Each structure stands twice: as C-alpha cells, then as structure tokens.
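**Q** Got a file for you: data.tsv, TSV, C-alpha atoms and all ligand atoms.
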```tsv
chain	number	residue	atom	x	y	z
A	1	MET	CA	95.19	129.39	128.58
A	2	ALA	CA	93.69	128.13	125.30
A	3	GLU	CA	90.34	129.58	124.13
A	4	PRO	CA	87.06	127.59	124.48
A	5	LEU	CA	85.95	125.73	121.34
A	6	ARG	CA	83.91	128.05	119.17
A	7	GLY	CA	82.26	125.39	117.01
A	8	GLU	CA	83.67	126.83	113.80
A	9	GLY	CA	84.81	124.84	110.80
A	10	PHE	CA	83.52	122.61	108.05
A	11	THR	CA	80.57	120.22	107.85
A	12	LEU	CA	81.00	117.07	105.74
A	13	ALA	CA	78.25	114.64	104.80
A	14	ASP	CA	77.89	111.19	103.26
A	15	GLY	CA	74.21	110.15	103.43
A	16	ASP	CA	73.19	109.87	107.08
A	17	LEU	CA	76.80	110.38	108.24
A	18	VAL	CA	77.71	113.96	109.11
A	19	LEU	CA	80.91	115.46	110.52
A	20	ARG	CA	80.19	118.85	112.05
A	21	PRO	CA	82.25	121.25	114.17
A	22	MET	CA	82.74	120.30	117.83
A	23	THR	CA	81.55	122.74	120.50
A	24	GLU	CA	82.21	123.04	124.24
A	25	GLN	CA	78.83	121.38	124.85
A	26	ASP	CA	80.05	118.23	123.10
A	27	LEU	CA	82.99	117.71	125.43
A	28	ASP	CA	81.04	115.82	128.12
A	29	SER	CA	80.10	113.20	125.50
A	30	VAL	CA	83.62	113.13	124.13
A	31	PHE	CA	84.88	112.46	127.66
A	32	LEU	CA	82.51	109.50	128.06
A	33	TRP	CA	83.57	108.02	124.70
A	34	SER	CA	87.22	108.41	125.46
A	35	ASP	CA	87.06	107.18	129.07
A	36	ASP	CA	87.15	103.63	127.83
A	37	PRO	CA	90.02	101.40	128.93
A	38	GLU	CA	90.19	99.73	125.51
A	39	ASN	CA	90.37	103.05	123.77
A	40	LEU	CA	93.71	103.90	122.28
A	41	TRP	CA	92.75	107.46	121.39
A	42	PHE	CA	94.60	109.08	124.26
A	43	ALA	CA	97.76	107.10	123.93
A	44	GLU	CA	100.53	109.28	125.28
A	45	HIS	CA	104.11	108.15	125.19
A	46	GLU	CA	102.63	105.11	123.48
A	47	LEU	CA	100.83	103.92	126.60
A	48	VAL	CA	97.15	104.44	127.30
A	49	GLN	CA	96.29	107.06	129.90
A	50	ARG	CA	92.97	108.10	131.34
A	51	ARG	CA	92.19	111.81	131.62
A	52	THR	CA	89.92	113.77	133.90
A	53	PRO	CA	87.11	115.78	132.24
A	54	ASP	CA	89.03	119.01	132.97
A	55	ARG	CA	92.24	117.65	131.45
A	56	LEU	CA	90.36	116.48	128.36
A	57	ARG	CA	88.69	119.89	127.97
A	58	ALA	CA	92.06	121.65	128.26
A	59	SER	CA	93.64	119.20	125.82
A	60	TYR	CA	90.96	119.75	123.15
A	61	ARG	CA	91.22	123.51	123.55
A	62	GLU	CA	94.99	123.29	123.12
A	63	ILE	CA	94.62	121.10	120.03
A	64	SER	CA	92.08	123.46	118.46
A	65	ALA	CA	94.64	126.27	118.67
A	66	THR	CA	97.35	124.33	116.78
A	67	PRO	CA	95.42	124.74	114.26
A	68	ALA	CA	93.06	121.79	113.94
A	69	GLU	CA	89.55	120.92	112.87
A	70	LEU	CA	87.64	119.19	115.68
A	71	CYS	CA	84.49	117.38	114.59
A	72	ILE	CA	81.59	115.44	116.02
A	73	VAL	CA	80.57	112.41	114.01
A	74	GLU	CA	76.79	112.05	113.77
A	75	VAL	CA	74.63	109.31	112.31
A	76	ALA	CA	71.06	110.37	111.55
A	77	GLY	CA	71.55	113.31	113.92
A	78	ILE	CA	72.92	111.19	116.83
A	79	PRO	CA	76.43	112.09	118.04
A	80	VAL	CA	78.49	108.88	117.91
A	81	GLY	CA	82.12	109.96	117.96
A	82	ALA	CA	84.83	112.57	117.61
A	83	ALA	CA	87.27	113.19	114.77
A	84	LEU	CA	90.28	115.43	114.34
A	85	LEU	CA	92.08	116.76	111.31
A	86	ARG	CA	95.16	118.68	112.38
A	87	GLN	CA	98.49	119.96	111.20
A	88	MET	CA	101.20	117.45	111.96
A	89	SER	CA	102.92	118.16	115.25
A	90	LEU	CA	104.94	114.99	115.80
A	91	PRO	CA	108.69	115.78	115.64
A	92	ARG	CA	109.59	112.55	113.82
A	93	LEU	CA	107.28	113.49	110.93
A	94	HIS	CA	108.35	117.13	110.96
A	95	ARG	CA	111.94	115.99	110.56
A	96	ALA	CA	111.11	113.70	107.66
A	97	PHE	CA	108.72	116.06	105.82
A	98	SER	CA	110.08	119.49	106.63
A	99	ASP	CA	108.40	122.26	104.60
A	100	ARG	CA	105.58	119.96	103.44
A	101	ASP	CA	101.92	120.26	104.41
A	102	CYS	CA	101.37	117.15	106.55
A	103	ARG	CA	98.18	116.55	108.49
A	104	ARG	CA	96.98	113.94	110.87
A	105	VAL	CA	93.60	112.21	111.00
A	106	ASP	CA	92.25	110.80	114.28
A	107	LEU	CA	88.92	109.21	115.00
A	108	GLN	CA	87.19	107.76	118.02
A	109	LEU	CA	83.68	106.27	118.07
A	110	ALA	CA	81.43	105.38	120.99
A	111	ARG	CA	81.71	101.65	121.48
A	112	PRO	CA	78.12	100.68	120.45
A	113	TRP	CA	78.65	102.37	117.09
A	114	ARG	CA	81.83	100.60	116.12
A	115	ASN	CA	82.18	97.93	113.48
A	116	GLN	CA	79.33	99.17	111.27
A	117	GLY	CA	81.43	100.88	108.61
A	118	ILE	CA	81.16	104.36	110.17
A	119	GLY	CA	84.91	104.66	110.80
A	120	ARG	CA	85.82	103.81	107.22
A	121	ARG	CA	83.36	106.39	105.85
A	122	ALA	CA	84.40	109.09	108.32
A	123	VAL	CA	88.12	108.66	107.55
A	124	ARG	CA	87.30	108.87	103.83
A	125	LEU	CA	85.39	112.13	104.31
A	126	LEU	CA	88.10	113.68	106.47
A	127	THR	CA	90.97	112.59	104.22
A	128	ALA	CA	89.28	113.87	101.06
A	129	HIS	CA	88.63	117.15	102.85
A	130	GLY	CA	92.25	117.38	103.99
A	131	PHE	CA	93.60	116.95	100.46
A	132	GLY	CA	91.06	119.46	99.17
A	133	ALA	CA	92.28	121.90	101.81
A	134	GLY	CA	95.90	121.62	100.66
A	135	ALA	CA	97.40	118.68	102.55
A	136	GLU	CA	100.25	117.01	100.66
A	137	PHE	CA	100.34	113.99	102.97
A	138	GLN	CA	97.99	112.76	105.66
A	139	PHE	CA	98.82	110.37	108.43
A	140	GLY	CA	97.22	107.98	110.86
A	141	CYS	CA	99.63	107.92	113.80
A	142	ASP	CA	100.56	105.71	116.72
A	143	ILE	CA	98.18	102.90	115.80
A	144	SER	CA	98.95	99.76	117.73
A	145	SER	CA	99.47	96.54	115.79
A	146	GLU	CA	96.71	95.06	117.99
A	147	ASN	CA	94.24	97.76	116.95
A	148	HIS	CA	92.89	95.83	113.97
A	149	PRO	CA	89.86	98.06	113.32
A	150	GLY	CA	92.08	101.15	113.54
A	151	LEU	CA	94.56	99.78	111.01
A	152	ARG	CA	91.78	98.55	108.74
A	153	VAL	CA	89.87	101.81	108.48
A	154	PHE	CA	93.03	103.64	107.46
A	155	LYS	CA	94.29	100.96	105.06
A	156	ALA	CA	90.82	100.73	103.49
A	157	ASN	CA	91.22	104.43	102.74
A	158	ARG	CA	94.59	103.84	101.06
A	159	PHE	CA	96.85	104.77	103.91
A	160	ALA	CA	100.03	102.68	103.66
A	161	ALA	CA	102.84	101.97	106.10
A	162	TRP	CA	105.24	104.81	106.66
A	163	ARG	CA	107.04	103.57	109.79
A	164	ARG	CA	106.62	100.75	112.25
A	165	ARG	CA	108.14	101.24	115.67
A	166	ALA	CA	108.79	98.73	118.42
A	167	HIS	CA	106.96	99.44	121.65
A	168	PRO	CA	108.68	99.95	124.95
A	169	ALA	CA	108.69	96.84	127.12
A	170	GLY	CA	105.43	96.39	129.02
A	171	ALA	CA	103.24	98.24	126.51
A	172	GLY	CA	101.22	95.09	125.80
A	173	TRP	CA	101.59	95.04	122.02
A	174	PRO	CA	104.66	94.63	119.88
A	175	THR	CA	104.62	97.49	117.40
A	176	THR	CA	102.99	100.79	116.55
A	177	TRP	CA	102.30	102.11	113.07
A	178	ASP	CA	102.41	105.48	111.41
A	179	LEU	CA	100.49	105.23	108.14
A	180	VAL	CA	100.73	107.73	105.30
A	181	CYS	CA	98.15	108.63	102.65
A	182	ARG	CA	99.36	110.16	99.40
A	183	PRO	CA	96.85	111.89	97.10
A	184	GLU	CA	97.80	109.91	93.96
A	185	TYR	CA	96.90	106.65	95.72
A	186	PHE	CA	93.89	108.04	97.60
A	187	PHE	CA	92.30	109.39	94.42
A	188	GLY	CA	93.03	106.22	92.42
A	189	ARG	CA	95.73	107.61	90.17
A	190	ALA	CA	98.52	105.25	91.32
A	191	PRO	CA	98.62	101.76	89.73
A	192	VAL	CA	98.12	99.04	92.34
A	193	LYS	CA	98.49	95.28	92.47
A	194	ASP	CA	98.12	92.64	95.15
A	195	HIS	CA	101.09	91.72	97.30
A	196	PRO	CA	101.30	88.30	98.96
A	197	GLY	CA	102.77	89.77	102.18
A	198	ALA	CA	101.04	91.35	105.16
A	199	ASP	CA	100.79	94.72	103.41
A	200	GLN	CA	98.59	93.18	100.69
A	201	VAL	CA	99.20	95.91	98.09
A	202	MET	CA	102.16	97.18	96.11
A	203	ALA	CA	102.84	99.54	93.21
A	204	ALA	CA	101.98	98.12	89.80
A	205	ASP	CA	104.21	100.60	87.97
A	206	LEU	CA	108.01	100.74	87.98
A	207	PRO	CA	110.13	100.60	89.96
A	208	THR	CA	108.74	97.57	91.75
A	209	GLY	CA	110.94	97.93	94.79
A	210	ALA	CA	114.35	98.68	96.20
A	211	THR	CA	117.38	96.93	97.68
A	212	VAL	CA	119.80	98.73	99.95
A	213	VAL	CA	123.28	97.20	100.09
A	214	VAL	CA	124.49	98.25	103.51
A	215	TYR	CA	128.22	98.15	104.15
A	216	ARG	CA	130.86	99.33	106.55
A	217	GLU	CA	134.59	99.82	106.21
A	218	ASP	CA	136.43	98.08	108.99
A	219	PRO	CA	138.98	98.72	107.30
A	220	GLU	CA	137.95	96.26	104.57
A	221	VAL	CA	134.52	96.61	103.03
A	222	LEU	CA	132.07	94.35	104.87
A	223	ILE	CA	128.63	93.68	103.36
A	224	PHE	CA	125.55	93.35	105.55
A	225	MET	CA	123.38	90.30	104.87
A	226	LEU	CA	120.07	89.41	106.50
A	227	HIS	CA	118.75	85.90	107.03
A	228	ARG	CA	114.96	85.69	106.64
A	229	ALA	CA	113.15	83.98	109.49
A	230	HIS	CA	109.96	82.74	107.88
A	231	GLN	CA	111.27	79.36	106.62
A	232	GLY	CA	113.30	78.67	109.75
A	233	PRO	CA	116.93	79.30	110.78
A	234	ALA	CA	118.36	76.42	108.70
A	235	TYR	CA	116.77	77.55	105.42
A	236	GLU	CA	119.35	78.38	102.75
A	237	GLY	CA	117.23	78.56	99.56
A	238	ASP	CA	115.97	81.48	97.49
A	239	TRP	CA	115.40	84.67	99.47
A	240	ALA	CA	117.03	83.15	102.59
A	241	ARG	CA	119.83	85.74	102.50
A	242	THR	CA	119.58	89.15	100.96
A	243	PRO	CA	120.41	92.74	101.79
A	244	PRO	CA	117.46	94.84	103.14
A	245	ALA	CA	114.90	95.08	100.35
A	246	GLY	CA	111.20	95.34	99.70
A	247	ALA	CA	108.37	96.23	97.37
A	248	ARG	CA	107.19	99.80	96.83
A	249	PHE	CA	103.73	100.95	97.88
A	250	PRO	CA	101.48	102.66	95.32
A	251	ALA	CA	102.61	106.30	94.85
A	252	GLU	CA	105.54	105.82	97.23
A	253	PRO	CA	108.73	107.50	95.99
A	254	ILE	CA	111.36	104.80	95.52
A	255	GLU	CA	113.90	106.38	97.88
A	256	GLU	CA	111.23	106.49	100.59
A	257	CYS	CA	110.56	102.82	99.99
A	258	ALA	CA	114.29	102.19	100.51
A	259	CYS	CA	114.34	104.22	103.74
A	260	ARG	CA	111.20	102.51	105.04
A	261	GLU	CA	112.68	99.06	104.41
A	262	LEU	CA	115.88	100.07	106.21
A	263	SER	CA	113.89	101.34	109.15
A	264	GLU	CA	111.82	98.16	109.36
A	265	GLU	CA	114.54	95.63	108.69
A	266	ILE	CA	117.59	97.02	110.48
A	267	GLY	CA	116.16	99.80	112.65
A	268	ALA	CA	118.19	102.51	110.87
A	269	GLU	CA	116.46	105.88	110.45
A	270	ILE	CA	118.28	107.65	107.65
A	271	PRO	CA	117.31	110.46	105.28
A	272	PRO	CA	117.03	109.60	101.55
A	273	SER	CA	119.99	111.93	100.87
A	274	ASP	CA	122.31	109.43	102.65
A	275	LEU	CA	121.55	106.75	100.03
A	276	HIS	CA	123.82	106.29	97.04
A	277	LEU	CA	122.01	105.18	93.87
A	278	VAL	CA	123.70	102.21	92.21
A	279	ARG	CA	121.00	101.15	89.73
A	280	GLY	CA	117.98	103.28	88.80
A	281	GLY	CA	116.45	104.62	85.62
A	282	ASP	CA	114.07	102.16	83.99
A	283	ALA	CA	115.31	99.19	86.07
A	284	GLU	CA	112.52	97.16	87.59
A	285	TRP	CA	114.26	96.95	90.94
A	286	TRP	CA	116.41	99.87	92.08
A	287	VAL	CA	119.58	99.34	94.08
A	288	TYR	CA	121.15	101.72	96.56
A	289	SER	CA	124.17	101.46	98.80
A	290	LEU	CA	124.52	102.89	102.27
A	291	ALA	CA	127.65	103.21	104.41
A	292	LEU	CA	126.85	102.39	108.03
A	293	ALA	CA	129.12	103.68	110.79
A	294	PRO	CA	131.16	100.81	112.36
A	295	GLY	CA	129.49	101.13	115.78
A	296	ALA	CA	125.91	101.60	114.52
A	297	ASP	CA	123.29	99.36	116.14
A	298	VAL	CA	121.28	96.95	114.01
A	299	VAL	CA	117.78	96.08	115.26
A	300	LEU	CA	116.08	93.26	113.35
A	301	ASP	CA	112.32	92.92	112.94
A	302	GLU	CA	110.44	89.63	113.03
A	303	GLU	CA	111.05	89.00	109.30
A	304	ASP	CA	114.70	88.19	109.98
A	305	ASP	CA	116.39	85.99	112.56
A	306	ARG	CA	120.05	87.04	112.19
A	307	PHE	CA	122.54	89.00	110.16
A	308	GLU	CA	126.16	88.72	109.05
A	309	TRP	CA	128.87	91.08	107.85
A	310	LEU	CA	130.58	89.39	104.91
A	311	GLY	CA	134.11	90.32	103.88
A	312	PRO	CA	136.04	89.79	100.64
A	313	GLY	CA	136.12	86.13	99.65
A	314	GLU	CA	133.13	85.25	101.80
A	315	ASP	CA	130.26	83.50	100.11
A	316	LEU	CA	128.08	86.28	98.72
A	317	ALA	CA	126.65	83.73	96.26
A	318	ARG	CA	124.42	82.56	99.11
A	319	CYS	CA	122.38	85.65	98.26
A	320	ARG	CA	119.93	84.24	95.76
A	321	PRO	CA	118.01	84.10	93.46
A	322	GLU	CA	119.83	85.87	90.69
A	323	ALA	CA	117.90	89.16	90.77
A	324	PRO	CA	119.09	90.37	94.20
A	325	ARG	CA	122.54	88.80	93.61
A	326	ASN	CA	123.05	90.87	90.44
A	327	GLY	CA	122.11	94.05	92.29
A	328	LEU	CA	124.44	93.09	95.12
A	329	ALA	CA	127.35	92.54	92.69
A	330	MET	CA	126.75	95.94	91.08
A	331	ALA	CA	126.67	97.63	94.46
A	332	ILE	CA	129.88	95.92	95.63
A	333	SER	CA	131.72	97.05	92.47
A	334	SER	CA	130.47	100.57	92.96
A	335	ILE	CA	131.48	100.58	96.65
A	336	ARG	CA	134.97	99.17	95.90
A	337	ASP	CA	135.45	101.66	93.04
A	338	GLY	CA	134.75	104.39	95.59
B	1	LIG	C1	89.13	102.52	114.97
B	1	LIG	C2	87.66	102.91	114.86
B	1	LIG	C3	87.54	104.39	114.61
B	1	LIG	C4	87.09	102.12	113.68
B	1	LIG	O1	85.78	102.55	113.42
B	1	LIG	P1	84.64	101.50	113.02
B	1	LIG	O2	83.43	102.24	112.59
B	1	LIG	O3	84.50	100.52	114.12
B	1	LIG	O4	85.34	100.80	111.77
B	1	LIG	P2	84.63	100.12	110.53
B	1	LIG	O5	83.38	99.43	110.99
B	1	LIG	O6	84.52	101.10	109.42
B	1	LIG	O7	85.75	99.07	110.11
B	1	LIG	C5	86.28	98.20	111.09
B	1	LIG	C6	87.07	97.13	110.35
B	1	LIG	O8	87.82	96.40	111.32
B	1	LIG	C7	87.46	95.03	111.22
B	1	LIG	N1	87.57	94.49	112.58
B	1	LIG	C8	86.80	94.78	113.65
B	1	LIG	N2	87.24	94.09	114.71
B	1	LIG	C9	88.31	93.36	114.29
B	1	LIG	C10	89.20	92.45	114.91
B	1	LIG	N3	89.09	92.15	116.20
B	1	LIG	N4	90.18	91.90	114.16
B	1	LIG	C11	90.32	92.19	112.86
B	1	LIG	N5	89.50	93.06	112.22
B	1	LIG	C12	88.52	93.63	112.93
B	1	LIG	C13	86.06	95.03	110.65
B	1	LIG	O9	85.77	93.79	110.02
B	1	LIG	C14	86.19	96.16	109.63
B	1	LIG	O10	86.93	95.75	108.50
B	1	LIG	P3	86.25	95.65	107.06
B	1	LIG	O11	85.64	96.99	106.78
B	1	LIG	O12	87.37	95.34	106.14
B	1	LIG	O13	85.22	94.58	107.19
B	1	LIG	C15	86.86	102.51	116.14
B	1	LIG	O14	87.03	101.14	116.36
B	1	LIG	C16	87.31	103.28	117.37
B	1	LIG	O15	86.75	104.31	117.68
B	1	LIG	N6	88.34	102.76	118.08
B	1	LIG	C17	88.94	103.48	119.21
B	1	LIG	C18	89.80	104.66	118.76
B	1	LIG	C19	90.88	104.26	117.79
B	1	LIG	O16	91.53	103.25	117.93
B	1	LIG	N7	91.09	105.08	116.76
B	1	LIG	C20	92.07	104.76	115.69
B	1	LIG	C21	93.30	105.54	115.80
B	1	LIG	S1	93.07	107.25	115.47
```
Using structure tokens, write down the structure that the file contains.
**A**
Amino acid sequence: MAEPLRGEGFTLADGDLVLRPMTEQDLDSVFLWSDDPENLWFAEHELVQRRTPDRLRASYREISATPAELCIVEVAGIPVGAALLRQMSLPRLHRAFSDRDCRRVDLQLARPWRNQGIGRRAVRLLTAHGFGAGAEFQFGCDISSENHPGLRVFKANRFAAWRRRAHPAGAGWPTTWDLVCRPEYFFGRAPVKDHPGADQVMAADLPTGATVVVYREDPEVLIFMLHRAHQGPAYEGDWARTPPAGARFPAEPIEECACRELSEEIGAEIPPSDLHLVRGGDAEWWVYSLALAPGADVVLDEEDDRFEWLGPGEDLARCRPEAPRNGLAMAISSIRDG
C-alpha cells in the first residue's frame, strides 16, 4: 500500500497566490473540490467518474509515489484548489517521447474560485518550476474540447496542441486534447505570429509548415487527396484539395508538425522516422512523403469532408494553389523514382 502524504516538496509564490505541499489533512478538502459533477479532473478512460473519499486518498498516495509533486493552491492563505506536477505516465506519450523527461501538469480549483485568473497563474508557476527542475516537455492531458477554461489556461501559458483524439461514443464531447509546452516557446525564445485558424498562433521562423504526400502502391502509385469541408462539398477553388498539411507551432520540430497533422487529418499515428523528406533545408514549406499500407484506415476530422486516391493520369492539378501543387509534384517524382 502507498505511503501517506508527507507534505514534502516545493513552495511557489506569485503575490497572494501560493502553491505549497499537500498533506493528508488536505485530502478532505480535495475530495470536496473534486466531487463535482462538472469537474473533469478525475476523468478515467476519458469519462468522468466519481470517487469515494477512501478511493481518492488511495489514488493521491499512489500518485505521490510515482514520483509527483502534489500541491495545495492558496490565495491569501485560503486553500482553493489542488495541483499536480508529475512524471509522465501515459503510455501514448511514453511511446512518442521515450528517454525524454516529460511531465504532466494538472490543476483543479474549488468552483467559487474559478474564472478569476488563478488557474492561469498557477499553471505558469508550476510549468516554470517543472522546466527549472529538468523537464524537457510538459503536458496538459485529456482536456475535453468543451472544457474551455481548461484549454485556455494551458494555451495562455504557451501549451500548444500535441494530439487531438476523438472521444468514444456517448462521452458527451467530440474530442480530447493533449497539449505540449516546450521551453523555447514558454520562455519567449521561439518567434510567434498570429494564425487565422482555431489554434491562433504559429511559428514565425522557418519552416512555416509541412505537407505530407501520402501514397499507397496498389500496384500503381495512388496519391491521397483530402477535400476541405469549410467552404462546402462543392467547393473546388484554392485549398479545396490538398494532401495533409498544416502550419508549425512555435518551437515545434517540423517532423512533429508533420506527424501531428497526419494524426489530426487522417487519424494515422506514425513516428517521424517513417516520413521520407522530399523538400527541406531552407524551404519555407517542407514536404514529406509517407507510404500507407493498402488496408490502413483513414479517419477524417471535421476540417475535411472526403478523400480520394488519385492514380496516374488523374487530375492532380485540382490541388491548388501553386505552392502545395509544386510540393506534390516533387513528392510524386520522388516516389516514382523510388
Ligand atoms: C480549468 C481551471 C483550472 C481553470 O482555472 P481558472 O482559475 O478558472 O482559470 P482562469 O480564470 O485563469 O482562466 C479561465 C479562462 O477561461 C475563460 N472561460 C471561462 N469560462 C469560459 C467558457 N464557458 N467559454 C470560454 N472561455 C471561458 C476565461 O475567460 C479565462 O480566459 P482568459 O484568461 O483568456 O480571459 C478551473 O476551471 C478548474 O478547476 N476546472 C476543473 C478542473 C479542470 O478542468 N482542470 C483542467 C485540466 S487539468
């Protein structure tokens, strides 16, 4: 059985906001804060579950042994919430970041204290502490797309999308986010500019983004083409049809941008080592190719309404404007040349 909480660890402060070590005596309050049907803190298997006080106590003791820092958030000496900074234990992130120091930030405030800027400040304190303590990446995990305050406090602290996953049927919200924070962006060393899309920010340095020309051999080479949904199914103009592509986040390695776009746009989870670089160097927009197994499933997100596999002689010129079409032509030559 895991040891009781010993109340050891760091204390962080920002004016009247203090994060101090959690003790066994705090757990009754933590139970009351978490026993809130709207609270997504104890989302297990991506569905909210209530816990008994004993189960919560056991769970916090287990977490503290992982190792993890368990904190109480106080404002002017009043306990208002709980925060965790722990080593990453989610298998999907272990797989993707093996050998790297990845940590996870979680936060839960008592309902009367929400929406006053406390969450944003607490996440900033914890994230800065995590990087100072050696974290290479920090994550906000399993945040529902309907949890607007949750997404905002992390994004305000320069966490950016890592993966978006569809929820199982019946979960009550469409998608769940894992957000990643990289130190170059967090500490303001990565150039940033506005992005017109939902993500709002993108890298201001090169490369701007990546295209992945997905193909399969069946036995001829067939090229995968998405049709974007936002202007309607009949739209055929610029950006109507392109391979999977997207802009890079500040400080995001370009091959991770490519893998993230593939995950979002076609539901394919592939390691960067599976990508073949077609155009890189000082190009503004990098191009990769990826061979997809003939039977592999394609799962579209809401950005796209359909896809096609185009063979030789089929109208690849419908991919426009010129920028993505040039990259597509380069990739097709490289694929055909073997
Ligand atoms: C998520 C949580 C920690 C945020 O803390 P908080 O102190 O309420 O957050 P802040 O006041 O710092 O910021 C909330 C932001 O959400 C915005 N917001 C609040 N309600 C919103 C809504 N319904 N729709 C859109 N935005 C909303 C606020 O305007 C604010 O954004 P801004 O700073 O850009 O103005 C808190 O709501 C909470 O404890 N929720 C339950 C646990 C949880 O979901 N944790 C997150 C996953 S670990």
**Q** With the cut-off set at 7 Å and counting all atoms listed in the file, tabulate each residue of chain A with an atom at most that distance from an atom of ligand LIG 1 (chain B), showing the nearest atom pair and its distance in Å to one decimal, ordered by chain and increasing number, as JSON lines.
**A**
```
{"residue": "A:Asn39", "atom": "CA", "partner": "B:LIG1", "partner_atom": "C17", "distance": 4.8}
{"residue": "A:Leu40", "atom": "CA", "partner": "B:LIG1", "partner_atom": "O16", "distance": 4.9}
{"residue": "A:Trp41", "atom": "CA", "partner": "B:LIG1", "partner_atom": "C18", "distance": 4.8}
{"residue": "A:Val105", "atom": "CA", "partner": "B:LIG1", "partner_atom": "S1", "distance": 6.7}
{"residue": "A:Asp106", "atom": "CA", "partner": "B:LIG1", "partner_atom": "S1", "distance": 3.8}
{"residue": "A:Leu107", "atom": "CA", "partner": "B:LIG1", "partner_atom": "S1", "distance": 4.6}
{"residue": "A:Gln108", "atom": "CA", "partner": "B:LIG1", "partner_atom": "O15", "distance": 3.5}
{"residue": "A:Leu109", "atom": "CA", "partner": "B:LIG1", "partner_atom": "O15", "distance": 3.7}
{"residue": "A:Ala110", "atom": "CA", "partner": "B:LIG1", "partner_atom": "O15", "distance": 6.4}
{"residue": "A:Arg111", "atom": "CA", "partner": "B:LIG1", "partner_atom": "O15", "distance": 6.8}
{"residue": "A:Trp113", "atom": "CA", "partner": "B:LIG1", "partner_atom": "O2", "distance": 6.6}
{"residue": "A:Arg114", "atom": "CA", "partner": "B:LIG1", "partner_atom": "O3", "distance": 3.3}
{"residue": "A:Asn115", "atom": "CA", "partner": "B:LIG1", "partner_atom": "O5", "distance": 3.1}
{"residue": "A:Gln116", "atom": "CA", "partner": "B:LIG1", "partner_atom": "O5", "distance": 4.1}
{"residue": "A:Gly117", "atom": "CA", "partner": "B:LIG1", "partner_atom": "O6", "distance": 3.2}
{"residue": "A:Ile118", "atom": "CA", "partner": "B:LIG1", "partner_atom": "O2", "distance": 3.9}
{"residue": "A:Gly119", "atom": "CA", "partner": "B:LIG1", "partner_atom": "O2", "distance": 3.4}
{"residue": "A:Arg120", "atom": "CA", "partner": "B:LIG1", "partner_atom": "O6", "distance": 3.7}
{"residue": "A:Arg121", "atom": "CA", "partner": "B:LIG1", "partner_atom": "O6", "distance": 6.5}
{"residue": "A:Gly140", "atom": "CA", "partner": "B:LIG1", "partner_atom": "S1", "distance": 6.2}
{"residue": "A:Cys141", "atom": "CA", "partner": "B:LIG1", "partner_atom": "S1", "distance": 6.8}
{"residue": "A:Ile143", "atom": "CA", "partner": "B:LIG1", "partner_atom": "C21", "distance": 5.5}
{"residue": "A:Asn147", "atom": "CA", "partner": "B:LIG1", "partner_atom": "O16", "distance": 6.2}
{"residue": "A:His148", "atom": "CA", "partner": "B:LIG1", "partner_atom": "C11", "distance": 4.6}
{"residue": "A:Pro149", "atom": "CA", "partner": "B:LIG1", "partner_atom": "O8", "distance": 3.3}
{"residue": "A:Gly150", "atom": "CA", "partner": "B:LIG1", "partner_atom": "C1", "distance": 3.6}
{"residue": "A:Arg152", "atom": "CA", "partner": "B:LIG1", "partner_atom": "C6", "distance": 5.2}
{"residue": "A:Val153", "atom": "CA", "partner": "B:LIG1", "partner_atom": "O7", "distance": 5.2}
{"residue": "A:Ala156", "atom": "CA", "partner": "B:LIG1", "partner_atom": "O12", "distance": 6.9}
```
**Q** May I ask for the distance between CA of Pro250 in chain A and CA of Leu290 in chain A, given in Å to one decimal place?
**A**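 Distance reported for this atom pair: 24.1 Å.
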**Q** Which residues of range 64-171 of chain A have any atom within 6 Å of an atom in range 12-20 of chain A when counting all atoms listed in the file, and what is the closest pair of atoms for each, with the distance in Å to one decimal? Order the rows by chain and rising number and write it as a tab-separated table.
**A**
```
residue	atom	partner	partner_atom	distance
A:Cys71	CA	A:Arg20	CA	5.2
A:Ile72	CA	A:Arg20	CA	5.4
A:Val73	CA	A:Leu19	CA	4.6
A:Glu74	CA	A:Val18	CA	5.1
A:Val75	CA	A:Leu17	CA	4.7
A:Ala76	CA	A:Asp16	CA	5.0
```
**Q** Tell me which of A:Asp218, A:Glu284, A:Arg163, A:Ala229 sits closest to Ala203 in chain A, counting all atoms listed in the file.
**A** A:Glu284
**Q** Quick one: residues within 12 Å of Gln200 in chain A, all atoms listed in the file counted, chain neighbours fewer than 2 positions away excluded, as a list in words?
**A**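 Residues meeting the cut-off are Arg152, Lys155, Ala156, Arg158, Ala160, Ala161, Val192, Lys193, Asp194, His195, Pro196, Gly197, Ala198, Met202, Ala203, Ala247, Arg248, Phe249 and Pro250 of chain A.
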**Q** If you count only C-alpha atoms, which residues fall within 8 Å of Pro312 in chain A, apart from same-chain ones fewer than 6 positions away, as a ChimeraX atom specification?
**A** /A:220-222
**Q** Using only C-alpha atoms, determine which residues lie at most 12 Å from Gln87 in chain A, disregarding the query and same-chain residues fewer than 5 positions distant; provide the list as a ChimeraX atom specification.
**A** /A:63-70,93-94,100-106,130,133-139
**Q** May I have the residues within 7 Å of range 265-272 of chain A as number ranges by chain, using only C-alpha atoms and disregarding those fewer than 6 positions away in the same chain?
**A** A: 244, 255-256, 259, 298-301
**Q** With distances taken over all atoms listed in the file, which residue among A:Arg61, A:Arg216, A:Arg279, A:Arg182 lies nearest Glu3 in chain A?
**A**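 Of A:Arg61, A:Arg216, A:Arg279, A:Arg182, the one nearest Glu3 in chain A is A:Arg61, counting all atoms listed in the file.
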**Q** Can you tell me, as a PyMOL selection string, what residues are no more than 7 Å from Ala258 in chain A when counting all atoms listed in the file, ignoring any on the same chain fewer than 4 positions away?
**A** chain A and resi 210-212+254+262
**Q** Would you compute an axis-aligned box for range 211-225 of chain A, covering every atom listed for it in the file with 4 Å of margin on each side, and report centre and edge lengths in Å to one decimal as AutoDock Vina command-line options?
**A**
```
--center_x 128.2 --center_y 95.1 --center_z 103.3 --size_x 29.6 --size_y 17.5 --size_z 19.3
```
**Q** Report the distance between CA of Phe154 in chain A and CA of Asp28 in chain A in Å, rounded to one decimal place.
**A**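 Value for the CA of Phe154 in chain A-CA of Asp28 in chain A distance: 26.8 Å.
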**Q** Just to confirm, what's the straight-line distance from CA of Asp205 in chain A to CA of Ala190 in chain A in Å (one decimal)?
**A**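 Pair CA of Asp205 in chain A / CA of Ala190 in chain A returns 8.1 Å.
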